[in-house]
file work12.cif (mmCIF, C-alpha atoms)
data_structure
loop_
_atom_site.label_atom_id
_atom_site.label_comp_id
_atom_site.auth_asym_id
_atom_site.auth_seq_id
_atom_site.Cartn_x
_atom_site.Cartn_y
_atom_site.Cartn_z
CA MET A 441 -25.80 21.41 -17.06
CA THR A 442 -25.83 17.91 -15.57
CA ALA A 443 -27.74 15.28 -17.55
CA THR A 444 -30.89 14.12 -15.79
CA SER A 445 -33.08 11.14 -16.68
CA PRO A 446 -36.88 11.23 -16.61
CA SER A 447 -36.87 8.74 -13.73
CA GLU A 448 -34.59 11.02 -11.70
CA ILE A 449 -36.97 13.94 -12.31
CA ARG A 450 -39.95 11.82 -11.26
CA GLY A 451 -38.16 10.65 -8.11
CA SER A 452 -37.11 14.17 -7.14
CA ILE A 453 -40.66 15.48 -7.40
CA ALA A 454 -41.99 12.48 -5.45
CA THR A 455 -39.51 13.21 -2.64
CA THR A 456 -40.61 16.86 -2.58
CA LEU A 457 -44.31 15.95 -2.36
CA GLU A 458 -43.85 13.25 0.28
CA ALA A 459 -42.18 15.86 2.49
CA LEU A 460 -45.47 17.78 2.63
CA SER A 461 -47.55 17.10 5.71
CA GLY A 462 -50.22 14.46 5.16
CA TRP A 463 -49.20 13.43 1.63
CA THR A 464 -48.06 9.95 0.57
CA GLU A 465 -47.12 8.48 -2.77
CA SER A 466 -49.59 5.91 -4.08
CA ARG A 467 -48.37 2.34 -4.30
CA TRP A 468 -49.78 2.39 -7.85
CA VAL A 469 -48.08 3.99 -10.83
CA TYR A 470 -49.73 7.03 -12.39
CA ASP A 471 -51.66 5.11 -15.06
CA PHE A 472 -53.20 2.70 -12.54
CA MET A 473 -53.90 5.11 -9.70
CA ALA A 474 -57.59 5.34 -8.76
CA TYR A 475 -58.58 2.14 -10.56
CA ASP A 476 -58.68 0.18 -7.32
CA ALA A 477 -60.65 2.38 -4.95
CA SER A 478 -60.26 -0.01 -2.04
CA THR A 479 -56.52 0.73 -1.90
CA GLU A 480 -56.54 4.49 -2.44
CA ILE A 481 -56.62 6.98 0.38
CA HIS A 482 -57.07 10.68 0.97
CA GLN A 483 -54.03 12.81 0.06
CA THR A 484 -52.21 10.31 -2.12
CA PHE A 485 -50.41 11.19 -5.32
CA ALA A 486 -48.75 9.45 -8.25
CA LEU A 487 -46.35 10.82 -10.83
CA GLY A 488 -46.36 9.96 -14.50
CA VAL A 489 -43.77 10.66 -17.14
CA GLY A 490 -44.99 11.69 -20.57
CA ALA A 491 -42.96 12.43 -23.68
CA THR A 492 -39.36 13.59 -23.62
CA ASN A 493 -38.58 15.79 -26.61
CA PRO A 494 -35.51 17.73 -27.71
CA THR A 495 -35.90 21.50 -27.29
CA ALA A 496 -33.04 22.53 -29.57
CA PRO A 497 -32.03 21.18 -32.98
CA THR A 498 -28.97 18.97 -33.00
CA GLY A 499 -27.93 20.09 -36.46
CA GLY A 500 -27.68 16.49 -37.58
CA ARG A 501 -24.68 15.97 -35.35
CA ARG A 502 -24.40 13.15 -32.90
CA LYS A 503 -24.34 14.51 -29.38
CA ALA A 504 -23.87 12.78 -26.06
CA VAL A 505 -26.23 15.22 -24.29
CA VAL A 506 -29.12 17.25 -25.71
CA GLU A 507 -31.43 19.86 -24.26
CA ALA A 508 -34.84 18.29 -23.68
CA GLU A 509 -38.21 18.82 -22.08
CA THR A 510 -40.00 15.99 -20.27
CA GLU A 511 -43.70 16.10 -19.46
CA ILE A 512 -44.43 15.26 -15.81
CA LEU A 513 -47.97 14.47 -14.71
CA VAL A 514 -49.04 14.69 -11.07
CA ARG A 515 -52.30 12.94 -10.12
CA TYR A 516 -53.70 13.33 -6.63
CA LEU A 517 -56.72 12.13 -4.66
CA TRP A 518 -58.75 14.14 -2.17
CA ARG A 519 -61.75 12.74 -0.30
CA ILE A 520 -65.08 14.54 -0.78
CA ARG A 521 -67.38 13.90 2.15
CA GLY A 522 -71.13 13.93 1.57
CA ASP A 523 -71.79 16.30 4.44
CA ALA A 524 -69.06 18.79 3.40
CA ALA A 525 -68.82 18.43 -0.38
CA ILE A 526 -68.35 22.10 -1.29
CA THR A 527 -65.82 22.72 1.47
CA ASP A 528 -63.89 19.57 0.52
CA TYR A 529 -64.00 20.46 -3.19
CA ASP A 530 -62.45 23.86 -2.46
CA ALA A 531 -59.86 22.18 -0.22
CA ALA A 532 -59.02 19.77 -3.06
CA LEU A 533 -58.43 22.66 -5.44
CA ASP A 534 -56.26 24.39 -2.83
CA ALA A 535 -54.33 21.15 -2.27
CA GLY A 536 -53.41 21.09 -5.95
CA ASP A 537 -52.11 24.64 -5.61
CA ASP A 538 -50.05 23.57 -2.59
CA LEU A 539 -48.49 20.70 -4.56
CA LEU A 540 -47.61 22.99 -7.44
CA VAL A 541 -46.08 25.62 -5.14
CA ALA A 542 -43.99 22.94 -3.38
CA ILE A 543 -42.68 21.61 -6.69
CA HIS A 544 -41.63 25.07 -7.85
CA ALA A 545 -40.14 26.05 -4.48
CA ASN A 546 -38.04 22.90 -4.08
CA TRP A 547 -36.90 22.16 -7.61
CA PRO A 548 -33.16 21.77 -8.25
CA LEU A 549 -31.50 24.78 -9.87
CA TYR A 550 -30.25 22.87 -12.93
CA THR A 551 -33.72 22.53 -14.41
CA HIS A 552 -36.59 24.77 -15.38
CA VAL A 553 -40.18 23.78 -14.53
CA ILE A 554 -42.97 25.04 -16.77
CA PHE A 555 -46.54 24.94 -15.50
CA ARG A 556 -48.71 23.48 -18.28
CA GLY A 557 -52.11 23.25 -16.57
CA VAL A 558 -54.43 21.68 -14.03
CA LEU A 559 -57.30 19.31 -14.75
CA PRO A 560 -59.62 18.96 -11.76
CA ARG A 561 -62.25 16.25 -12.02
CA PHE A 562 -64.64 14.52 -9.72
CA VAL A 563 -64.86 10.75 -9.82
CA PRO A 564 -67.52 8.80 -7.93
CA ILE A 565 -65.18 6.34 -6.26
CA GLU A 566 -67.24 4.91 -3.43
CA LEU A 567 -65.24 4.21 -0.32
CA GLU A 568 -65.77 6.46 2.66
CA GLY A 569 -67.23 9.14 0.42
CA ARG A 570 -66.27 10.16 -3.08
CA TYR A 571 -62.92 11.27 -4.40
CA PHE A 572 -61.70 14.26 -6.34
CA ILE A 573 -58.87 13.45 -8.72
CA GLY A 574 -56.64 16.38 -9.64
CA GLU A 575 -54.02 16.33 -12.35
CA ILE A 576 -51.19 18.83 -12.74
CA ARG A 577 -49.16 18.94 -15.96
CA LEU A 578 -45.58 20.22 -15.96
CA GLY A 579 -42.82 20.54 -18.53
CA VAL A 580 -39.32 20.07 -17.12
CA LYS A 581 -36.38 21.31 -19.18
CA HIS A 582 -33.18 19.39 -18.57
CA ALA A 583 -30.10 17.92 -20.18
CA TYR A 584 -30.78 14.43 -21.51
CA ALA A 585 -27.97 11.92 -22.03
CA LEU A 586 -28.00 9.93 -25.27
CA THR A 587 -25.10 7.67 -24.39
#
call {"tool": "encode", "arguments": {"input": "work12.cif", "output": "structure tokens"}}
result
Amino acid sequence: MTATSPSEIRGSIATTLEALSGWTESRWVYDFMAYDASTEIHQTFALGVGATNPTAPTGGRRKAVVEAETEILVRYLWRIRGDAAITDYDAALDAGDDLLVAIHANWPLYTHVIFRGVLPRFVPIELEGRYFIGEIRLGVKHAYALT
């Protein structure tokens, strides 16, 4: 198994999602996305990297590469129009499904992606309507280099 860094995992997923029609990566990092409503647009996403933890004991031995799991967080925005709120809400939920399916379908073979959950929420960001913010949580198993 080839060692993969959390930044490489994040970049690979970003490339996969940008290849989907209509989607663009936010210019903001995950933690700052949606704080500045004037710069956010419909169908943008940001990827965050959570904890990276070993998945197998090392037995107290020093190893150059360990098996690990890194938490990846996908946040996405979807516009909710006042005159089509229910339809747009359903479309936002479906969009999250589409992102998840694309990640699983296009992931490199040397890793294993574990679906950890979805957190849909509605945030009253006033721009040209309101925005739905969806969050997808994934666990990615990979080899992690310690040297």
call {"tool": "atom_distance", "arguments": {"input": "work12.cif", "atom1": "CA of Leu578 (chain A)", "atom2": "CA of Gly490 (chain A)"}}
result
9.7 Å
call {"tool": "closest_residue", "arguments": {"input": "work12.cif", "among": "A:Ala459, A:Ala454, A:Val541, A:Ala585", "to": "Leu513 (chain A)", "atoms": "only C-alpha atoms"}}
result
A:Ala454
call {"tool": "atom_distance", "arguments": {"input": "work12.cif", "atom1": "CA of Ile543 (chain A)", "atom2": "CA of Ile481 (chain A)"}}
result
21.4 Å
call {"tool": "resolve_selection", "arguments": {"input": "work12.cif", "expression": "the PyMOL selection byres ((chain A and resi 561) around 12)", "output": "VMD selection string"}}
result
chain A and resid 515 to 518 520 529 532 to 533 536 558 to 560 562 to 565 570 to 576
call {"tool": "atom_distance", "arguments": {"input": "work12.cif", "atom1": "CA of Pro548 (chain A)", "atom2": "CA of Ile453 (chain A)"}}
result
9.8 Å
call {"tool": "closest_residue", "arguments": {"input": "work12.cif", "among": "A:Ser445, A:Arg501, A:Ile512, A:Ile526", "to": "Phe555 (chain A)", "atoms": "only C-alpha atoms"}}
result
A:Ile512
call {"tool": "residues_around", "arguments": {"input": "work12.cif", "residues": "Leu487 (chain A)", "least_positions_apart": "5", "cutoff": "12 Å", "atoms": "only C-alpha atoms", "output": "number ranges by chain"}}
result
A: 446-458, 464-473, 511-516, 539, 574-578
call {"tool": "closest_residue", "arguments": {"input": "work12.cif", "among": "A:Gln483, A:Thr587, A:Thr510, A:Thr495", "to": "Leu460 (chain A)", "atoms": "only C-alpha atoms"}}
result
A:Gln483
call {"tool": "axis_aligned_box", "arguments": {"input": "work12.cif", "around": "region 572-585 of chain A", "padding_each_side": "3 Å", "output": "JSON"}}
result
{"center_x": -44.8, "center_y": 16.6, "center_z": -14.2, "size_x": 39.7, "size_y": 15.4, "size_z": 21.7}
call {"tool": "resolve_selection", "arguments": {"input": "work12.cif", "expression": "the PyMOL selection byres ((chain A and resi 507) around 9)", "output": "JSON, numbers by chain"}}
result
{"A": [443, 493, 494, 495, 496, 497, 505, 506, 508, 509, 581, 582, 583, 584, 585]}
call {"tool": "closest_residue", "arguments": {"input": "work12.cif", "among": "A:Ala504, A:Ile554, A:Ala524, A:Val489", "to": "Leu586 (chain A)", "atoms": "only C-alpha atoms"}}
result
A:Ala504
